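What's in data11.cif: mmCIF, C-alpha atoms
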```cif
data_my_file
#
loop_
_atom_site.label_atom_id
_atom_site.label_comp_id
_atom_site.auth_asym_id
_atom_site.auth_seq_id
_atom_site.Cartn_x
_atom_site.Cartn_y
_atom_site.Cartn_z
CA MET A 1 18.48 -5.37 7.41
CA SER A 2 18.68 -2.79 4.64
CA LYS A 3 20.86 -3.56 1.64
CA PRO A 4 24.05 -1.57 0.98
CA LEU A 5 24.26 0.99 -1.80
CA THR A 6 24.93 -0.35 -5.27
CA LYS A 7 28.08 0.57 -7.19
CA ARG A 8 26.01 2.80 -9.44
CA GLN A 9 24.51 4.66 -6.48
CA ILE A 10 27.94 5.16 -4.93
CA THR A 11 29.23 6.50 -8.25
CA VAL A 12 26.32 8.93 -8.58
CA LEU A 13 26.80 10.26 -5.05
CA SER A 14 30.57 10.53 -5.46
CA ILE A 15 30.19 12.59 -8.63
CA MET A 16 27.60 14.82 -6.97
CA ALA A 17 29.87 15.31 -3.96
CA GLY A 18 32.75 16.34 -6.23
CA LYS A 19 30.60 18.86 -8.09
CA ALA A 20 29.14 20.26 -4.87
CA TYR A 21 32.61 20.60 -3.35
CA LYS A 22 33.92 22.54 -6.35
CA ARG A 23 30.86 24.77 -6.40
CA ILE A 24 31.22 25.72 -2.74
CA GLN A 25 34.96 26.14 -3.13
CA SER A 26 34.47 28.47 -6.11
CA GLN A 27 32.55 30.84 -3.87
CA GLY A 28 35.61 31.34 -1.70
CA CYS A 29 34.45 29.24 1.24
CA PRO A 30 37.27 27.56 3.21
CA LEU A 31 36.88 23.80 3.07
CA PRO A 32 38.81 20.75 4.28
CA SER A 33 39.96 18.17 1.77
CA LEU A 34 37.35 16.67 -0.55
CA THR A 35 37.49 13.33 1.28
CA ASP A 36 37.01 14.88 4.72
CA TRP A 37 34.25 17.17 3.46
CA ARG A 38 32.42 14.24 1.83
CA HIS A 39 32.66 12.21 5.02
CA ASP A 40 31.25 15.12 7.03
CA GLU A 41 28.34 15.52 4.62
CA ILE A 42 27.51 11.82 4.61
CA TRP A 43 27.52 11.76 8.39
CA ALA A 44 25.30 14.84 8.51
CA ALA A 45 22.83 13.17 6.13
CA THR A 46 22.74 9.73 7.78
CA GLY A 47 23.74 10.26 11.39
CA VAL A 48 25.26 6.79 11.54
CA THR A 49 28.10 6.56 9.01
CA GLU A 50 30.51 8.73 7.05
CA SER A 51 31.29 6.16 4.36
CA LEU A 52 29.30 5.49 1.20
CA THR A 53 30.39 1.85 1.27
CA LYS A 54 28.80 1.45 4.71
CA ALA A 55 25.64 3.40 3.86
CA THR A 56 22.44 1.49 3.08
CA GLN A 57 19.50 1.93 0.74
CA GLU A 58 17.55 3.99 3.26
CA HIS A 59 20.43 6.49 3.30
CA TYR A 60 20.55 7.07 -0.45
CA VAL A 61 17.78 9.66 -0.67
CA PRO A 62 18.95 11.75 2.35
CA ILE A 63 22.53 11.86 1.02
CA TYR A 64 21.37 12.61 -2.52
CA ASN A 65 19.08 15.42 -1.39
CA ARG A 66 21.75 17.01 0.80
CA LEU A 67 24.20 17.13 -2.10
CA ALA A 68 21.47 18.21 -4.53
CA SER A 69 20.71 21.22 -2.33
CA TYR A 70 24.28 22.49 -2.88
CA LEU A 71 23.89 22.04 -6.64
CA GLY A 72 20.45 23.62 -6.87
CA GLU A 73 18.89 20.39 -8.14
CA ALA A 74 15.45 19.03 -7.33
CA PRO A 75 15.31 16.59 -4.40
CA LEU A 76 14.22 12.99 -4.72
CA LYS A 77 11.07 11.72 -3.07
CA ASN A 78 11.75 9.12 -0.44
CA ARG A 79 9.95 5.97 -1.58
CA THR A 80 11.50 3.74 1.06
CA TRP A 81 8.83 1.89 3.02
CA THR A 82 9.33 1.53 6.74
CA GLU A 83 7.98 -1.40 8.72
CA MET A 84 5.15 0.85 9.90
CA ASP A 85 4.32 1.79 6.30
CA LYS A 86 4.03 -1.91 5.43
CA ALA A 87 1.89 -2.64 8.49
CA ILE A 88 -0.49 0.25 7.75
CA HIS A 89 -0.73 -0.85 4.11
CA ASN A 90 -1.63 -4.41 5.11
CA LEU A 91 -4.20 -3.13 7.60
CA ARG A 92 -5.81 -0.93 4.92
CA ASP A 93 -5.86 -3.93 2.59
CA ALA A 94 -7.67 -6.06 5.16
CA MET A 95 -10.15 -3.27 5.90
CA GLN A 96 -11.01 -2.93 2.20
CA ARG A 97 -11.12 -6.67 1.60
CA TYR A 98 -13.72 -7.26 4.29
CA GLU A 99 -15.48 -3.90 3.82
CA THR A 100 -14.96 -2.96 7.46
CA ALA A 101 -15.98 0.51 8.61
CA LEU A 102 -13.25 2.83 9.85
CA ASP A 103 -15.37 3.69 12.88
CA TYR A 104 -15.21 0.02 13.90
CA LEU A 105 -11.41 0.08 13.69
CA ALA A 106 -11.29 3.34 15.64
CA ALA A 107 -13.43 1.80 18.39
CA ILE A 108 -10.98 -1.11 18.72
CA VAL A 109 -8.03 1.29 18.87
CA ARG A 110 -9.70 3.37 21.58
CA ASP A 111 -10.65 0.28 23.59
CA GLN A 112 -7.47 -1.78 23.30
CA LEU A 113 -4.71 0.79 22.76
CA HIS A 114 -6.36 3.64 24.68
CA LEU A 115 -5.62 6.10 21.89
CA SER A 116 -8.07 8.89 21.14
CA CYS A 117 -9.11 8.78 17.49
CA THR A 118 -12.02 8.72 15.06
CA GLY A 119 -12.59 6.91 11.80
CA ARG A 120 -11.04 9.86 9.98
CA THR A 121 -7.88 9.97 12.08
CA VAL A 122 -7.33 6.33 13.01
CA TYR A 123 -4.53 5.61 10.51
CA ASN A 124 -2.56 8.75 11.39
CA THR A 125 -3.02 8.01 15.09
CA LEU A 126 -1.65 4.50 14.66
CA ARG A 127 1.29 5.77 12.62
CA ASP A 128 2.20 8.39 15.23
CA HIS A 129 1.56 6.57 18.49
CA ALA A 130 1.29 2.78 18.00
CA ALA A 131 3.93 0.11 17.60
CA VAL A 132 4.23 -2.00 14.46
CA GLU A 133 3.15 -5.07 16.44
CA HIS A 134 -0.07 -3.29 17.46
CA VAL A 135 -0.95 -2.54 13.85
CA GLN A 136 -0.23 -6.13 12.82
CA TYR A 137 -2.47 -7.40 15.63
CA LEU A 138 -5.26 -5.11 14.42
CA MET A 139 -4.88 -6.52 10.92
CA TYR A 140 -5.29 -10.08 12.25
CA THR A 141 -8.35 -8.96 14.21
CA ILE A 142 -9.99 -7.51 11.09
CA ILE A 143 -9.20 -10.62 9.04
CA ASN A 144 -10.59 -12.97 11.69
CA ARG A 145 -13.75 -10.89 12.00
CA GLY A 146 -14.24 -10.83 8.24
CA ARG A 147 -13.81 -14.57 7.91
CA SER A 148 -16.17 -15.17 10.81
CA ASP A 149 -18.84 -13.01 9.16
CA ALA A 150 -18.36 -14.89 5.89
CA ARG A 151 -18.80 -18.27 7.61
CA LYS A 152 -21.90 -17.00 9.39
CA MET A 153 -23.42 -15.78 6.13
CA ALA A 154 -22.65 -19.10 4.46
CA SER A 155 -24.34 -21.06 7.25
CA GLU A 156 -27.43 -18.83 7.14
CA THR A 157 -27.88 -18.92 3.37
CA GLY A 158 -26.51 -22.37 2.61
CA GLN A 159 -24.40 -20.94 -0.20
CA GLU A 160 -20.65 -20.93 -0.48
CA THR A 161 -18.86 -17.61 -0.18
CA TYR A 162 -15.52 -16.41 -1.43
CA GLU A 163 -12.99 -14.27 0.33
CA PRO A 164 -13.36 -10.79 -1.19
CA HIS A 165 -10.41 -9.31 -3.01
CA ALA A 166 -8.84 -6.01 -2.09
CA ASP A 167 -8.46 -5.12 -5.75
CA PRO A 168 -11.96 -4.74 -7.27
CA ARG A 169 -10.59 -5.61 -10.71
CA THR A 170 -9.79 -9.16 -9.63
CA MET A 171 -12.72 -11.54 -9.60
CA PRO A 172 -12.89 -15.13 -8.37
CA PRO A 173 -13.01 -17.87 -11.01
CA GLY A 174 -16.03 -19.58 -12.45
CA LYS A 175 -19.55 -19.09 -11.14
CA LEU A 176 -18.26 -17.45 -7.98
CA ALA A 177 -18.01 -14.27 -10.05
CA ASP A 178 -21.82 -14.14 -9.93
CA HIS A 179 -21.87 -13.76 -6.17
CA VAL A 180 -21.14 -10.98 -3.74
CA GLY A 181 -20.63 -12.67 -0.41
CA ALA A 182 -23.40 -15.27 -0.41
CA VAL A 183 -25.89 -13.22 -2.43
CA PRO A 184 -26.21 -14.39 -6.05
CA LEU A 185 -26.30 -11.75 -8.77
CA GLU A 186 -28.33 -12.43 -11.90
CA ARG A 187 -25.85 -10.81 -14.24
CA HIS A 188 -24.76 -13.68 -16.46
CA ARG A 189 -27.34 -15.81 -18.19
CA SER A 190 -26.75 -18.98 -20.09
CA ALA A 191 -27.07 -19.15 -23.87
CA LEU A 192 -29.98 -21.58 -23.45
CA GLU A 193 -31.89 -19.07 -21.32
CA ALA A 194 -31.23 -16.30 -23.83
CA ASN A 195 -32.45 -18.44 -26.74
CA TRP A 196 -35.55 -19.43 -24.80
CA ASP A 197 -36.42 -15.78 -24.13
CA MET A 198 -35.93 -14.90 -27.80
CA THR A 199 -38.17 -17.77 -28.88
CA ALA A 200 -40.83 -16.71 -26.40
CA ARG A 201 -40.75 -13.12 -27.63
CA LYS A 202 -41.09 -14.21 -31.27
CA TYR A 203 -43.98 -16.49 -30.35
CA ASN A 204 -45.77 -13.73 -28.48
CA GLN A 205 -45.21 -11.25 -31.31
CA GLY A 206 -46.62 -13.69 -33.87
CA ARG A 207 -49.57 -14.47 -31.65
CA CYS A 208 -50.37 -10.79 -31.20
CA SER A 209 -50.19 -10.12 -34.96
CA HIS A 210 -52.68 -12.92 -35.68
CA GLU A 211 -55.06 -11.63 -33.07
#
```
Can you dump the structure from the file as structure tokens?
Amino acid sequence: MSKPLTKRQITVLSIMAGKAYKRIQSQGCPLPSLTDWRHDEIWAATGVTESLTKATQEHYVPIYNRLASYLGEAPLKNRTWTEMDKAIHNLRDAMQRYETALDYLAAIVRDQLHLSCTGRTVYNTLRDHAAVEHVQYLMYTIINRGRSDARKMASETGQETYEPHADPRTMPPGKLADHVGAVPLERHRSALEANWDMTARKYNQGRCSHE
């Protein structure tokens, strides 16, 4: 359940409503009382309540923008995340984490949800036509597939794997940072190996100069 407006938000909207009311009134437009007019505007913006004390966080931006339009001020961007926004975000995160192709996801959507889409349009299709539960189920499917592939790779190579991170800047601790999946990367060399190579180069250079 969305949280109610804070006292500061109510104060901001009340001040804006008063200014907007005076501005419209100054143009000679007949208006009801300020209280009745404010209630009408809040209802028009929310569709569910006419009181600021009963409005919630998701109503703040619509009310603000409606009043701002009377005052000629710039509207606010609505940064409120819906449940679908969260589900799509988590699905994207899983897709990136396990490096899953969008065409694979689109094939699942076509097969299981019977929605026509491609890899390019799959997210928009889900947002417009699927339920939140469907998107969450797809996320679990991608995660299970990714973990299954990781276990298979580990059994084939005999090397431990780590669960990839969605954020490429985060790396697993210790020597696991030298691996992508189960494939070791020869990026970091020990100080002993570096000293050995330097000694070998000096030896070879001295040997060549004597020859």
Across A:Ala106, A:Ala17, A:Ala101, A:Gln112, the smallest distance to A:Ser69, with only C-alpha atoms counted, is shown by A:Ala17
As number ranges by chain, please: the residues near A:Ile24 (cut-off 10 Å, only C-alpha atoms, same-chain neighbours under 6 positions excluded).
A: 30-31, 70-71
Which is closer to A:Tyr137 than all the others in A:Asn90, A:Lys77, A:His114, A:Lys22, using only C-alpha atoms?
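Smallest separation from A:Tyr137 among the options: A:Asn90.
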Kindly indicate which residue among A:His134, A:Lys3, A:His129, A:Arg23 lies nearest to A:Ile108, using all atoms listed in the file for the distances.
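Under the stated criterion, the closest residue is A:His134.
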Any chance you could resolve the PyMOL selection byres ((chain A and resi 94) around 8) against this file and give the residues as a short mmCIF file (atom, residue, chain, number, x, y, z; two decimals) with C-alpha atoms, keeping the file's coordinate frame?
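The resulting file, selection-v1.cif, is reproduced below:
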```cif
data_model
loop_
_atom_site.label_atom_id
_atom_site.label_comp_id
_atom_site.auth_asym_id
_atom_site.auth_seq_id
_atom_site.Cartn_x
_atom_site.Cartn_y
_atom_site.Cartn_z
CA ASN A 90 -1.63 -4.41 5.11
CA LEU A 91 -4.20 -3.13 7.60
CA ARG A 92 -5.81 -0.93 4.92
CA ASP A 93 -5.86 -3.93 2.59
CA MET A 95 -10.15 -3.27 5.90
CA GLN A 96 -11.01 -2.93 2.20
CA ARG A 97 -11.12 -6.67 1.60
CA TYR A 98 -13.72 -7.26 4.29
CA MET A 139 -4.88 -6.52 10.92
CA ILE A 142 -9.99 -7.51 11.09
CA ILE A 143 -9.20 -10.62 9.04
CA ALA A 166 -8.84 -6.01 -2.09
#
```
Under the rule that only C-alpha atoms are counted, which of A:Pro4, A:Pro75, A:Gly146, A:Gly119 is the nearest residue to A:Thr56?
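Selected residue with least distance to A:Thr56: A:Pro4.
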Which is closest to A:Gln136 among A:Leu102, A:Ala107, A:Ile88, A:Asn65, if we use only C-alpha atoms?
A:Ile88
For atom CA of A:Ala87 and atom CA of A:Asn144, determine how far apart the two atoms are, in Å to one decimal place.
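Those two atoms sit 16.5 Å apart.
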Pick from A:Leu105, A:Asp85, A:Tyr140, A:Ala150, whichever lies nearest to A:Arg127 using only C-alpha atoms
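Using only C-alpha atoms, the shortest distance to A:Arg127 belongs to A:Asp85.
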Run through the PyMOL selection byres ((chain A and resi 16) around 12) on the given coordinates and return the selected residues as a ChimeraX atom specification.
/A:9-15,17-23,34,38,41-42,63-73
Å distance separating atom CA of A:Leu126 from atom CA of A:Tyr104, one decimal place
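Between atom CA of A:Leu126 and atom CA of A:Tyr104 the gap works out to 14.3 Å.
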Atom CA of A:Thr100 and atom CA of A:Lys152, how far apart in Å?
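Separation between atom CA of A:Lys152 and atom CA of A:Thr100: 15.8 Å.
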